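Dumped model-v7.pdb below, it's PDB, C-alpha atoms and all ligand atoms:
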MODEL        1
ATOM      1  CA  MET A   1       0.000   0.000   0.000
ATOM      2  CA  PHE A   2       2.899   2.377   0.693
ATOM      3  CA  SER A   3       5.762   3.420  -1.538
ATOM      4  CA  PRO A   4       9.336   3.265  -0.165
ATOM      5  CA  GLN A   5       9.126   7.046   0.484
ATOM      6  CA  GLY A   6       6.012   6.528   2.626
ATOM      7  CA  PRO A   7       5.872   6.221   6.414
ATOM      8  CA  SER A   8       7.318   3.172   8.195
ATOM      9  CA  ALA A   9       5.041   0.888  10.233
ATOM     10  CA  ARG A  10       6.476   2.419  13.408
ATOM     11  CA  GLU A  11       5.789   5.972  12.204
ATOM     12  CA  LEU A  12       2.209   5.001  11.300
ATOM     13  CA  ALA A  13       1.681   3.470  14.734
ATOM     14  CA  VAL A  14       2.909   6.643  16.498
ATOM     15  CA  GLN A  15       0.679   8.762  14.264
ATOM     16  CA  ALA A  16      -2.346   6.556  14.922
ATOM     17  CA  LEU A  17      -1.869   6.928  18.678
ATOM     18  CA  SER A  18      -1.838  10.740  18.407
ATOM     19  CA  SER A  19      -4.745  13.180  18.016
ATOM     20  CA  VAL A  20      -5.965  13.788  14.456
ATOM     21  CA  GLU A  21      -4.154  17.133  14.339
ATOM     22  CA  ARG A  22      -0.864  15.847  15.736
ATOM     23  CA  GLY A  23      -1.091  12.654  13.674
ATOM     24  CA  TYR A  24      -1.331  14.661  10.451
ATOM     25  CA  ASP A  25       1.437  17.035  11.563
ATOM     26  CA  LEU A  26       3.692  13.976  11.879
ATOM     27  CA  LEU A  27       2.515  12.329   8.672
ATOM     28  CA  ALA A  28       2.633  15.521   6.557
ATOM     29  CA  PRO A  29       6.143  15.183   5.004
ATOM     30  CA  LYS A  30       5.298  11.674   3.740
ATOM     31  CA  PHE A  31       1.540  12.068   3.216
ATOM     32  CA  ASP A  32       1.757  12.376  -0.571
ATOM     33  CA  HIS A  33       3.393   8.920  -0.676
ATOM     34  CA  THR A  34       0.453   7.257   1.102
ATOM     35  CA  PRO A  35      -2.852   5.975  -0.306
ATOM     36  CA  PHE A  36      -4.613   8.509   1.966
ATOM     37  CA  ARG A  37      -3.958  11.312  -0.521
ATOM     38  CA  THR A  38      -6.843  11.500  -2.979
ATOM     39  CA  PRO A  39      -5.682   9.926  -6.280
ATOM     40  CA  ASP A  40      -5.332  12.158  -9.334
ATOM     41  CA  VAL A  41      -7.901  10.107 -11.278
ATOM     42  CA  VAL A  42     -10.580  11.125  -8.753
ATOM     43  CA  LEU A  43      -9.420  14.760  -8.704
ATOM     44  CA  ASP A  44      -9.386  14.938 -12.517
ATOM     45  CA  ALA A  45     -12.836  13.346 -12.853
ATOM     46  CA  THR A  46     -14.214  15.793 -10.272
ATOM     47  CA  ALA A  47     -12.711  18.742 -12.141
ATOM     48  CA  ARG A  48     -14.301  17.497 -15.390
ATOM     49  CA  GLU A  49     -17.777  17.314 -13.813
ATOM     50  CA  LEU A  50     -17.460  20.673 -12.066
ATOM     51  CA  ALA A  51     -16.138  22.447 -15.155
ATOM     52  CA  ALA A  52     -19.524  21.815 -16.775
ATOM     53  CA  LEU A  53     -21.258  23.538 -13.844
ATOM     54  CA  GLY A  54     -19.093  26.676 -13.763
ATOM     55  CA  PRO A  55     -17.905  29.305 -14.148
ATOM     56  CA  PHE A  56     -16.629  29.625 -10.573
ATOM     57  CA  GLU A  57     -14.930  32.695  -9.266
ATOM     58  CA  ALA A  58     -13.845  31.768  -5.733
ATOM     59  CA  GLY A  59     -13.170  28.228  -4.484
ATOM     60  CA  LEU A  60     -12.551  26.677  -1.082
ATOM     61  CA  ASP A  61     -10.894  23.286  -0.407
ATOM     62  CA  LEU A  62     -12.136  22.049   2.974
ATOM     63  CA  CYS A  63      -9.604  19.906   4.870
ATOM     64  CA  CYS A  64      -7.154  20.518   2.039
ATOM     65  CA  GLY A  65      -4.273  18.564   3.593
ATOM     66  CA  THR A  66      -1.249  18.860   1.303
ATOM     67  CA  GLY A  67      -3.422  20.542  -1.331
ATOM     68  CA  ALA A  68      -4.938  17.756  -3.442
ATOM     69  CA  GLY A  69      -8.124  19.709  -4.148
ATOM     70  CA  LEU A  70      -6.509  23.077  -4.843
ATOM     71  CA  GLY A  71      -5.701  21.979  -8.398
ATOM     72  CA  VAL A  72      -9.365  21.097  -8.950
ATOM     73  CA  LEU A  73     -10.348  24.643  -7.997
ATOM     74  CA  ARG A  74      -7.739  26.069 -10.352
ATOM     75  CA  ALA A  75      -8.807  23.678 -13.135
ATOM     76  CA  VAL A  76     -12.408  24.940 -12.977
ATOM     77  CA  GLY A  77     -11.203  28.515 -13.337
ATOM     78  CA  ALA A  78     -11.503  29.853  -9.788
ATOM     79  CA  ARG A  79      -9.398  32.997  -9.535
ATOM     80  CA  ARG A  80      -9.483  33.029  -5.723
ATOM     81  CA  VAL A  81      -8.391  29.661  -4.297
ATOM     82  CA  VAL A  82      -8.333  28.969  -0.546
ATOM     83  CA  GLY A  83      -7.395  25.801   1.325
ATOM     84  CA  VAL A  84      -8.358  25.228   4.950
ATOM     85  CA  ASP A  85      -6.925  22.605   7.265
ATOM     86  CA  ARG A  86      -6.373  22.177  10.990
ATOM     87  CA  SER A  87      -2.898  20.648  10.687
ATOM     88  CA  ALA A  88      -0.061  23.169  10.450
ATOM     89  CA  GLY A  89       2.217  20.389   9.128
ATOM     90  CA  MET A  90      -0.117  19.544   6.239
ATOM     91  CA  LEU A  91      -0.528  23.236   5.399
ATOM     92  CA  ALA A  92       3.267  23.696   5.331
ATOM     93  CA  VAL A  93       3.566  20.944   2.689
ATOM     94  CA  ALA A  94       0.621  22.445   0.769
ATOM     95  CA  ASP A  95       2.327  25.825   0.894
ATOM     96  CA  GLU A  96       5.555  24.432  -0.639
ATOM     97  CA  ALA A  97       3.588  22.756  -3.449
ATOM     98  CA  ASN A  98       1.601  25.955  -3.955
ATOM     99  CA  ALA A  99       4.810  27.977  -4.320
ATOM    100  CA  ARG A 100       6.259  25.391  -6.771
ATOM    101  CA  SER A 101       3.136  25.595  -8.948
ATOM    102  CA  GLY A 102       3.286  29.371  -9.164
ATOM    103  CA  GLY A 103       1.420  30.130  -5.953
ATOM    104  CA  GLY A 104      -1.912  31.840  -5.936
ATOM    105  CA  ALA A 105      -3.692  29.810  -3.281
ATOM    106  CA  SER A 106      -4.212  31.127   0.253
ATOM    107  CA  LEU A 107      -3.801  28.550   2.985
ATOM    108  CA  VAL A 108      -5.678  29.066   6.215
ATOM    109  CA  ARG A 109      -5.314  27.129   9.432
ATOM    110  CA  ALA A 110      -8.810  26.642  10.802
ATOM    111  CA  ASP A 111     -11.225  24.026  12.059
ATOM    112  CA  ALA A 112     -13.626  23.204   9.240
ATOM    113  CA  ARG A 113     -16.456  23.217  11.808
ATOM    114  CA  ALA A 114     -15.864  26.921  12.506
ATOM    115  CA  LEU A 115     -14.805  28.528   9.243
ATOM    116  CA  PRO A 116     -13.788  32.189   9.252
ATOM    117  CA  PHE A 117     -15.747  32.945   6.048
ATOM    118  CA  ARG A 118     -19.214  34.358   5.286
ATOM    119  CA  SER A 119     -20.753  34.198   1.789
ATOM    120  CA  ALA A 120     -17.243  34.231   0.311
ATOM    121  CA  PHE A 121     -17.180  31.337  -2.190
ATOM    122  CA  ASP A 122     -19.259  30.026  -5.049
ATOM    123  CA  LEU A 123     -17.636  26.569  -4.850
ATOM    124  CA  ALA A 124     -16.387  24.455  -1.942
ATOM    125  CA  VAL A 125     -14.862  20.993  -2.430
ATOM    126  CA  SER A 126     -13.581  18.399   0.002
ATOM    127  CA  PHE A 127     -11.732  15.124  -0.547
ATOM    128  CA  GLY A 128     -11.115  12.199   1.748
ATOM    129  CA  ALA A 129     -11.783  13.956   5.044
ATOM    130  CA  PHE A 130     -15.341  13.314   6.186
ATOM    131  CA  GLY A 131     -14.383  10.103   7.980
ATOM    132  CA  HIS A 132     -12.757  12.376  10.576
ATOM    133  CA  PHE A 133     -16.138  13.818  11.564
ATOM    134  CA  LEU A 134     -18.741  12.199  13.789
ATOM    135  CA  ALA A 135     -22.402  12.969  13.097
ATOM    136  CA  GLU A 136     -22.494  15.967  15.478
ATOM    137  CA  ASP A 137     -19.267  17.332  13.945
ATOM    138  CA  ARG A 138     -20.725  16.995  10.459
ATOM    139  CA  ARG A 139     -23.695  19.136  11.531
ATOM    140  CA  ALA A 140     -21.247  21.922  12.447
ATOM    141  CA  LEU A 141     -19.145  21.273   9.332
ATOM    142  CA  PHE A 142     -22.084  21.538   6.927
ATOM    143  CA  ALA A 143     -23.489  24.602   8.711
ATOM    144  CA  ALA A 144     -20.054  26.269   8.422
ATOM    145  CA  ALA A 145     -19.722  25.283   4.748
ATOM    146  CA  ARG A 146     -23.179  26.685   4.013
ATOM    147  CA  GLU A 147     -22.242  29.979   5.686
ATOM    148  CA  ALA A 148     -18.985  30.164   3.722
ATOM    149  CA  LEU A 149     -20.844  29.772   0.406
ATOM    150  CA  ARG A 150     -22.662  32.542  -1.371
ATOM    151  CA  PRO A 151     -26.362  31.973  -2.103
ATOM    152  CA  GLY A 152     -26.411  29.603  -5.070
ATOM    153  CA  GLY A 153     -22.927  28.321  -4.181
ATOM    154  CA  LEU A 154     -22.040  24.652  -4.500
ATOM    155  CA  LEU A 155     -20.474  22.189  -2.048
ATOM    156  CA  ALA A 156     -19.095  19.198  -3.979
ATOM    157  CA  PHE A 157     -17.349  16.028  -2.831
ATOM    158  CA  PRO A 158     -16.984  12.445  -4.067
ATOM    159  CA  VAL A 159     -18.452   9.497  -2.174
ATOM    160  CA  ALA A 160     -17.217   6.021  -3.084
ATOM    161  CA  ALA A 161     -19.715   3.192  -3.456
ATOM    162  CA  PRO A 162     -19.367   0.687  -0.603
ATOM    163  CA  PRO A 163     -17.542  -2.544  -1.468
ATOM    164  CA  ARG A 164     -19.752  -5.606  -1.953
ATOM    165  CA  VAL A 165     -20.630  -7.238   1.365
ATOM    166  CA  GLY A 166     -18.170 -10.059   2.028
ATOM    167  CA  SER A 167     -15.577  -8.868  -0.531
ATOM    168  CA  PRO A 168     -11.931  -8.296   0.555
ATOM    169  CA  GLY A 169     -12.512  -4.507   0.383
ATOM    170  CA  TYR A 170     -15.557  -4.840   2.641
ATOM    171  CA  TRP A 171     -13.594  -6.719   5.293
ATOM    172  CA  LEU A 172     -10.652  -4.318   5.021
ATOM    173  CA  LEU A 173     -12.841  -1.285   5.797
ATOM    174  CA  TRP A 174     -14.855  -3.184   8.396
ATOM    175  CA  GLY A 175     -11.608  -4.266  10.115
ATOM    176  CA  PHE A 176     -10.152  -0.750  10.010
ATOM    177  CA  ASP A 177     -13.270   0.788  11.604
ATOM    178  CA  ALA A 178     -13.422  -1.960  14.241
ATOM    179  CA  ALA A 179      -9.743  -1.422  15.133
ATOM    180  CA  MET A 180     -10.373   2.338  15.412
ATOM    181  CA  ARG A 181     -13.307   1.781  17.745
ATOM    182  CA  VAL A 182     -11.189  -0.426  20.006
ATOM    183  CA  ARG A 183      -8.312   2.079  19.867
ATOM    184  CA  ASN A 184     -10.639   4.974  20.761
ATOM    185  CA  ALA A 185     -12.222   3.045  23.626
ATOM    186  CA  LEU A 186      -8.789   2.377  25.155
ATOM    187  CA  TRP A 187      -6.631   5.361  24.270
ATOM    188  CA  ARG A 188      -6.690   9.151  24.601
ATOM    189  CA  PRO A 189      -6.619  11.432  22.675
ATOM    190  CA  PRO A 190      -9.056   9.866  20.214
ATOM    191  CA  PHE A 191      -8.198   9.551  16.520
ATOM    192  CA  VAL A 192     -11.530   9.819  14.766
ATOM    193  CA  MET A 193     -11.368   8.158  11.347
ATOM    194  CA  TYR A 194     -14.083   5.799  10.194
ATOM    195  CA  TYR A 195     -14.662   4.600   6.625
ATOM    196  CA  ARG A 196     -18.178   3.218   6.920
ATOM    197  CA  THR A 197     -20.098   5.943   8.780
ATOM    198  CA  PHE A 198     -20.852   8.317   5.888
ATOM    199  CA  PRO A 199     -22.567   6.494   3.011
ATOM    200  CA  LEU A 200     -24.388   8.430   0.303
ATOM    201  CA  SER A 201     -27.786   8.053   2.008
ATOM    202  CA  VAL A 202     -26.433   9.713   5.172
ATOM    203  CA  ALA A 203     -24.695  12.451   3.152
ATOM    204  CA  ARG A 204     -27.955  13.276   1.374
ATOM    205  CA  ALA A 205     -30.012  13.360   4.577
ATOM    206  CA  GLU A 206     -27.528  15.440   6.571
ATOM    207  CA  LEU A 207     -26.957  17.970   3.791
ATOM    208  CA  ALA A 208     -30.711  18.382   3.286
ATOM    209  CA  GLU A 209     -31.072  18.932   7.036
ATOM    210  CA  ALA A 210     -28.336  21.585   6.828
ATOM    211  CA  GLY A 211     -30.391  23.439   4.221
ATOM    212  CA  PHE A 212     -28.733  22.332   0.972
ATOM    213  CA  ALA A 213     -30.494  21.233  -2.194
ATOM    214  CA  VAL A 214     -28.763  17.911  -2.851
ATOM    215  CA  GLY A 215     -28.075  16.058  -6.072
ATOM    216  CA  THR A 216     -25.457  13.597  -7.315
ATOM    217  CA  VAL A 217     -23.790  12.699 -10.602
ATOM    218  CA  PRO A 218     -21.753   9.557 -11.335
ATOM    219  CA  LEU A 219     -18.014  10.185 -11.539
ATOM    220  CA  SER A 220     -16.536   8.679 -14.666
ATOM    221  CA  LEU A 221     -13.495   6.656 -13.539
ATOM    222  CA  PRO A 222     -12.728   4.195 -16.356
ATOM    223  CA  GLU A 223      -9.192   3.803 -14.934
ATOM    224  CA  LEU A 224     -10.672   1.932 -11.941
ATOM    225  CA  GLY A 225     -12.749  -0.502 -14.003
ATOM    226  CA  GLU A 226     -16.389  -1.475 -13.664
ATOM    227  CA  ARG A 227     -18.228  -2.648 -10.559
ATOM    228  CA  PRO A 228     -19.688  -6.131 -11.073
ATOM    229  CA  ASP A 229     -23.277  -4.771 -11.117
ATOM    230  CA  GLY A 230     -22.409  -1.889 -13.490
ATOM    231  CA  THR A 231     -23.186   0.875 -10.963
ATOM    232  CA  PRO A 232     -20.664   3.743 -10.632
ATOM    233  CA  ARG A 233     -17.663   3.283  -8.334
ATOM    234  CA  CYS A 234     -18.057   6.800  -7.110
ATOM    235  CA  ARG A 235     -20.634   9.603  -7.181
ATOM    236  CA  LEU A 236     -20.060  13.319  -6.883
ATOM    237  CA  VAL A 237     -22.360  14.921  -4.327
ATOM    238  CA  LEU A 238     -23.545  18.362  -5.426
ATOM    239  CA  ALA A 239     -25.094  20.309  -2.552
ATOM    240  CA  ARG A 240     -26.278  23.786  -3.455
ATOM    241  CA  ARG A 241     -26.956  26.594  -1.015
ATOM    242  CA  PRO A 242     -30.374  27.872  -2.071
TER
HETATM  243  C1  LIG A 301      -7.038  12.166   4.656
HETATM  244  S1  LIG A 301      -6.513  13.841   4.741
HETATM  245  C2  LIG A 301      -7.140  14.413   3.166
HETATM  246  C3  LIG A 301      -6.328  15.560   2.633
HETATM  247  C4  LIG A 301      -6.683  16.020   1.224
HETATM  248  N1  LIG A 301      -8.007  16.587   1.191
HETATM  249  C5  LIG A 301      -6.557  14.885   0.238
HETATM  250  O1  LIG A 301      -7.577  14.450  -0.303
HETATM  251  O2  LIG A 301      -5.462  14.424  -0.033
HETATM  252  C6  LIG A 301      -7.655  14.559   5.892
HETATM  253  C7  LIG A 301      -7.339  16.014   6.240
HETATM  254  O3  LIG A 301      -8.417  16.540   7.035
HETATM  255  C8  LIG A 301      -7.860  17.432   7.979
HETATM  256  N2  LIG A 301      -8.841  17.626   9.060
HETATM  257  C9  LIG A 301      -9.352  16.680   9.891
HETATM  258  N3  LIG A 301     -10.230  17.237  10.736
HETATM  259  C10 LIG A 301     -10.265  18.569  10.442
HETATM  260  C11 LIG A 301     -10.992  19.675  10.948
HETATM  261  N4  LIG A 301     -11.868  19.534  11.965
HETATM  262  N5  LIG A 301     -10.801  20.887  10.401
HETATM  263  C12 LIG A 301      -9.904  21.052   9.379
HETATM  264  N6  LIG A 301      -9.192  20.045   8.856
HETATM  265  C13 LIG A 301      -9.372  18.814   9.366
HETATM  266  C14 LIG A 301      -6.576  16.749   8.421
HETATM  267  O4  LIG A 301      -5.690  17.640   9.050
HETATM  268  C15 LIG A 301      -6.075  16.204   7.079
HETATM  269  O5  LIG A 301      -5.219  17.120   6.448
ENDMDL
END
Output the file's structure in the form of structure tokens.
Ligand SMILES: C[S@@+](CC[C@H](N)C(=O)[O-])C[C@H]1O[C@@H](n2cnc3c(N)ncnc32)[C@H](O)[C@@H]1O
Amino acid sequence: MFSPQGPSARELAVQALSSVERGYDLLAPKFDHTPFRTPDVVLDATARELAALGPFEAGLDLCCGTGAGLGVLRAVGARRVVGVDRSAGMLAVADEANARSGGGASLVRADARALPFRSAFDLAVSFGAFGHFLAEDRRALFAAAREALRPGGLLAFPVAAPPRVGSPGYWLLWGFDAAMRVRNALWRPPFVMYYRTFPLSVARAELAEAGFAVGTVPLSLPELGERPDGTPRCRLVLARRP
């Protein structure tokens, strides 16, 4: 799963026993060599779908980490690009990449549940981060995202289809979540990261409750092959602030 430049098993164990913020601070220099960074195929497919819904003037990447989603915002033409994350270490790596690519993005250290923005963006994206939020945190997160968007603004993020029950992928995610629950029952500070708590049905219901008009489109990911039943591997959630 990890390239030779990725973290060692010992480093991963230390990170997993830290808080989310500290864990990502430690992981940051090697994060881009882990499978936790959103793959380019997903970022590119998202940019293709969003480009058809633009133009966008100002874009926000929620929980931007090392900056995976900033390129999506640039690709859809946003002239103001902002990334928000709670981990100073992840933001430092994002800042280096931002400078290498010609800069232009602003990076802000903030908790996504309490964003320092009001009606500032017409597009917000987020990749690979919602497993860090329990249901009550997601209420605050979606309320903050709604406030940060202008009326008519769009919150967009991909949600992967769950693996078939009983498949190796199913047991991998099930085992990861079970291990996290045991870890969090026995160890402080908690490291909240669950893969199976935010399926599409929950995303739709919670976003509607937060006042968004919710739709989805399939993400075209031919690189990842077909699911056995022909349904899309991933859908892009499109939640619009009315
Ligand atoms: C798995 S990484 C994903 C990073 C990036 N979006 C990507 O797709 O590669 C999750 C990120 O969420 C950030 N994060 C977790 N909880 C957060 C919170 N409450 N507020 C802001 N950022 C948060 C972490 O610091 C980390 O950078």
Applying the PyMOL selection byres (((chain A and resi 24-40) around 8) and not hetatm) to the file I just gave you, which residues come out? Please list them as an mmCIF file with C-alpha atoms, in the frame of the given file.
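Result written to selection_7.cif:
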data_model
loop_
_atom_site.group_PDB
_atom_site.id
_atom_site.type_symbol
_atom_site.label_atom_id
_atom_site.label_comp_id
_atom_site.auth_asym_id
_atom_site.auth_seq_id
_atom_site.Cartn_x
_atom_site.Cartn_y
_atom_site.Cartn_z
ATOM 1 C CA MET A 1 0.000 0.000 0.000
ATOM 2 C CA PHE A 2 2.899 2.377 0.693
ATOM 3 C CA SER A 3 5.762 3.420 -1.538
ATOM 4 C CA GLN A 5 9.126 7.046 0.484
ATOM 5 C CA GLY A 6 6.012 6.528 2.626
ATOM 6 C CA PRO A 7 5.872 6.221 6.414
ATOM 7 C CA GLU A 11 5.789 5.972 12.204
ATOM 8 C CA LEU A 12 2.209 5.001 11.300
ATOM 9 C CA GLN A 15 0.679 8.762 14.264
ATOM 10 C CA VAL A 20 -5.965 13.788 14.456
ATOM 11 C CA GLU A 21 -4.154 17.133 14.339
ATOM 12 C CA ARG A 22 -0.864 15.847 15.736
ATOM 13 C CA GLY A 23 -1.091 12.654 13.674
ATOM 14 C CA VAL A 41 -7.901 10.107 -11.278
ATOM 15 C CA VAL A 42 -10.580 11.125 -8.753
ATOM 16 C CA LEU A 43 -9.420 14.760 -8.704
ATOM 17 C CA ASP A 44 -9.386 14.938 -12.517
ATOM 18 C CA THR A 66 -1.249 18.860 1.303
ATOM 19 C CA ALA A 68 -4.938 17.756 -3.442
ATOM 20 C CA SER A 87 -2.898 20.648 10.687
ATOM 21 C CA ALA A 88 -0.061 23.169 10.450
ATOM 22 C CA GLY A 89 2.217 20.389 9.128
ATOM 23 C CA MET A 90 -0.117 19.544 6.239
ATOM 24 C CA VAL A 93 3.566 20.944 2.689
ATOM 25 C CA PHE A 127 -11.732 15.124 -0.547
ATOM 26 C CA GLY A 128 -11.115 12.199 1.748
#
### Query
Contacts of region 182-190 of chain A at 9 Å or less, counting all atoms listed in the file, minus same-chain residues fewer than 6 places along, as a PyMOL selection string?
chain A and resi 16-20
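Those residues returned by the PyMOL selection byres (((chain A and resi 218) around 6) and not hetatm) for this file are A:Val217, A:Leu219, A:Pro232, A:Arg235.
With CA of Pro228 (chain A) on one side and CA of Arg164 (chain A) on the other, the separation reads 9.1 Å.
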Which residues are close to Gly230 (chain A), i.e. within 12 Å by only C-alpha atoms, leaving aside same-chain residues fewer than 5 positions away? Reply as a ChimeraX atom specification.
/A:161,218,222,225
Include C-alpha atoms and write out the residues we just selected as a CSV table (one decimal), in the coordinates of the input.
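Result written to again.csv:
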chain,number,residue,atom,x,y,z
A,161,ALA,CA,-19.7,3.2,-3.5
A,218,PRO,CA,-21.8,9.6,-11.3
A,222,PRO,CA,-12.7,4.2,-16.4
A,225,GLY,CA,-12.7,-0.5,-14.0
Across A:Gly131, A:Gly152, A:Gly211, A:Pro168, the smallest distance to Arg196 (chain A), with only C-alpha atoms counted, is shown by A:Gly131
To box region 100-111 of chain A, take all atoms listed in the file, fit an axis-aligned box, add 6 Å on each side, and give centre and edge lengths in Å to one decimal, as JSON.
{"center_x": -2.5, "center_y": 27.9, "center_z": 1.4, "size_x": 29.5, "size_y": 19.8, "size_z": 33.2}
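Ranking A:Glu49, A:Asp177, A:Asp85, A:Asp61 by their shortest atom-to-atom distance to ligand LIG 301 (chain A), with all atoms listed in the file included, puts A:Asp85 first.
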Could N, CA and C atoms be built for region 82-107 of chain A and written out as a PDB file, in the frame of the given file?
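Saved the output as result-v9.pdb:
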ATOM      1  N   VAL A  82      -8.685  29.005  -1.972  1.00  0.00           N
ATOM      2  CA  VAL A  82      -8.333  28.969  -0.546  1.00  0.00           C
ATOM      3  C   VAL A  82      -8.398  27.528  -0.064  1.00  0.00           C
ATOM      4  N   GLY A  83      -7.384  27.114   0.683  1.00  0.00           N
ATOM      5  CA  GLY A  83      -7.395  25.801   1.325  1.00  0.00           C
ATOM      6  C   GLY A  83      -7.419  25.973   2.831  1.00  0.00           C
ATOM      7  N   VAL A  84      -8.247  25.167   3.484  1.00  0.00           N
ATOM      8  CA  VAL A  84      -8.358  25.228   4.950  1.00  0.00           C
ATOM      9  C   VAL A  84      -8.021  23.872   5.530  1.00  0.00           C
ATOM     10  N   ASP A  85      -7.216  23.849   6.566  1.00  0.00           N
ATOM     11  CA  ASP A  85      -6.925  22.605   7.265  1.00  0.00           C
ATOM     12  C   ASP A  85      -6.555  22.956   8.705  1.00  0.00           C
ATOM     13  N   ARG A  86      -6.690  21.947   9.577  1.00  0.00           N
ATOM     14  CA  ARG A  86      -6.373  22.177  10.990  1.00  0.00           C
ATOM     15  C   ARG A  86      -4.919  21.859  11.296  1.00  0.00           C
ATOM     16  N   SER A  87      -4.269  21.091  10.423  1.00  0.00           N
ATOM     17  CA  SER A  87      -2.898  20.648  10.687  1.00  0.00           C
ATOM     18  C   SER A  87      -1.889  21.619  10.076  1.00  0.00           C
ATOM     19  N   ALA A  88      -1.082  22.237  10.934  1.00  0.00           N
ATOM     20  CA  ALA A  88      -0.061  23.169  10.450  1.00  0.00           C
ATOM     21  C   ALA A  88       0.949  22.426   9.567  1.00  0.00           C
ATOM     22  N   GLY A  89       1.258  21.164   9.910  1.00  0.00           N
ATOM     23  CA  GLY A  89       2.217  20.389   9.128  1.00  0.00           C
ATOM     24  C   GLY A  89       1.716  20.150   7.707  1.00  0.00           C
ATOM     25  N   MET A  90       0.447  19.782   7.574  1.00  0.00           N
ATOM     26  CA  MET A  90      -0.117  19.544   6.239  1.00  0.00           C
ATOM     27  C   MET A  90      -0.135  20.847   5.450  1.00  0.00           C
ATOM     28  N   LEU A  91      -0.481  21.947   6.098  1.00  0.00           N
ATOM     29  CA  LEU A  91      -0.528  23.236   5.399  1.00  0.00           C
ATOM     30  C   LEU A  91       0.865  23.658   4.934  1.00  0.00           C
ATOM     31  N   ALA A  92       1.897  23.324   5.731  1.00  0.00           N
ATOM     32  CA  ALA A  92       3.267  23.696   5.331  1.00  0.00           C
ATOM     33  C   ALA A  92       3.645  22.977   4.034  1.00  0.00           C
ATOM     34  N   VAL A  93       3.271  21.688   3.924  1.00  0.00           N
ATOM     35  CA  VAL A  93       3.566  20.944   2.689  1.00  0.00           C
ATOM     36  C   VAL A  93       2.737  21.518   1.530  1.00  0.00           C
ATOM     37  N   ALA A  94       1.468  21.840   1.810  1.00  0.00           N
ATOM     38  CA  ALA A  94       0.621  22.445   0.769  1.00  0.00           C
ATOM     39  C   ALA A  94       1.212  23.762   0.296  1.00  0.00           C
ATOM     40  N   ASP A  95       1.761  24.513   1.223  1.00  0.00           N
ATOM     41  CA  ASP A  95       2.327  25.825   0.894  1.00  0.00           C
ATOM     42  C   ASP A  95       3.530  25.671  -0.038  1.00  0.00           C
ATOM     43  N   GLU A  96       4.388  24.673   0.247  1.00  0.00           N
ATOM     44  CA  GLU A  96       5.555  24.432  -0.639  1.00  0.00           C
ATOM     45  C   GLU A  96       5.085  24.076  -2.051  1.00  0.00           C
ATOM     46  N   ALA A  97       4.094  23.165  -2.124  1.00  0.00           N
ATOM     47  CA  ALA A  97       3.588  22.756  -3.449  1.00  0.00           C
ATOM     48  C   ALA A  97       2.950  23.948  -4.157  1.00  0.00           C
ATOM     49  N   ASN A  98       2.248  24.764  -3.402  1.00  0.00           N
ATOM     50  CA  ASN A  98       1.601  25.955  -3.955  1.00  0.00           C
ATOM     51  C   ASN A  98       2.653  26.898  -4.547  1.00  0.00           C
ATOM     52  N   ALA A  99       3.750  27.086  -3.829  1.00  0.00           N
ATOM     53  CA  ALA A  99       4.810  27.977  -4.320  1.00  0.00           C
ATOM     54  C   ALA A  99       5.434  27.389  -5.591  1.00  0.00           C
ATOM     55  N   ARG A 100       5.651  26.044  -5.595  1.00  0.00           N
ATOM     56  CA  ARG A 100       6.259  25.391  -6.771  1.00  0.00           C
ATOM     57  C   ARG A 100       5.381  25.550  -8.008  1.00  0.00           C
ATOM     58  N   SER A 101       4.039  25.534  -7.785  1.00  0.00           N
ATOM     59  CA  SER A 101       3.136  25.595  -8.948  1.00  0.00           C
ATOM     60  C   SER A 101       2.791  27.039  -9.315  1.00  0.00           C
ATOM     61  N   GLY A 102       3.541  27.976  -8.788  1.00  0.00           N
ATOM     62  CA  GLY A 102       3.286  29.371  -9.164  1.00  0.00           C
ATOM     63  C   GLY A 102       2.467  30.128  -8.139  1.00  0.00           C
ATOM     64  N   GLY A 103       2.115  29.435  -7.048  1.00  0.00           N
ATOM     65  CA  GLY A 103       1.420  30.130  -5.953  1.00  0.00           C
ATOM     66  C   GLY A 103      -0.016  30.453  -6.316  1.00  0.00           C
ATOM     67  N   GLY A 104      -0.550  31.406  -5.620  1.00  0.00           N
ATOM     68  CA  GLY A 104      -1.912  31.840  -5.936  1.00  0.00           C
ATOM     69  C   GLY A 104      -2.936  31.390  -4.917  1.00  0.00           C
ATOM     70  N   ALA A 105      -2.701  30.248  -4.265  1.00  0.00           N
ATOM     71  CA  ALA A 105      -3.692  29.810  -3.281  1.00  0.00           C
ATOM     72  C   ALA A 105      -3.365  30.410  -1.907  1.00  0.00           C
ATOM     73  N   SER A 106      -4.407  30.717  -1.143  1.00  0.00           N
ATOM     74  CA  SER A 106      -4.212  31.127   0.253  1.00  0.00           C
ATOM     75  C   SER A 106      -4.480  29.916   1.123  1.00  0.00           C
ATOM     76  N   LEU A 107      -3.636  29.699   2.097  1.00  0.00           N
ATOM     77  CA  LEU A 107      -3.801  28.550   2.985  1.00  0.00           C
ATOM     78  C   LEU A 107      -4.091  29.052   4.379  1.00  0.00           C
TER      79      LEU A 107
END
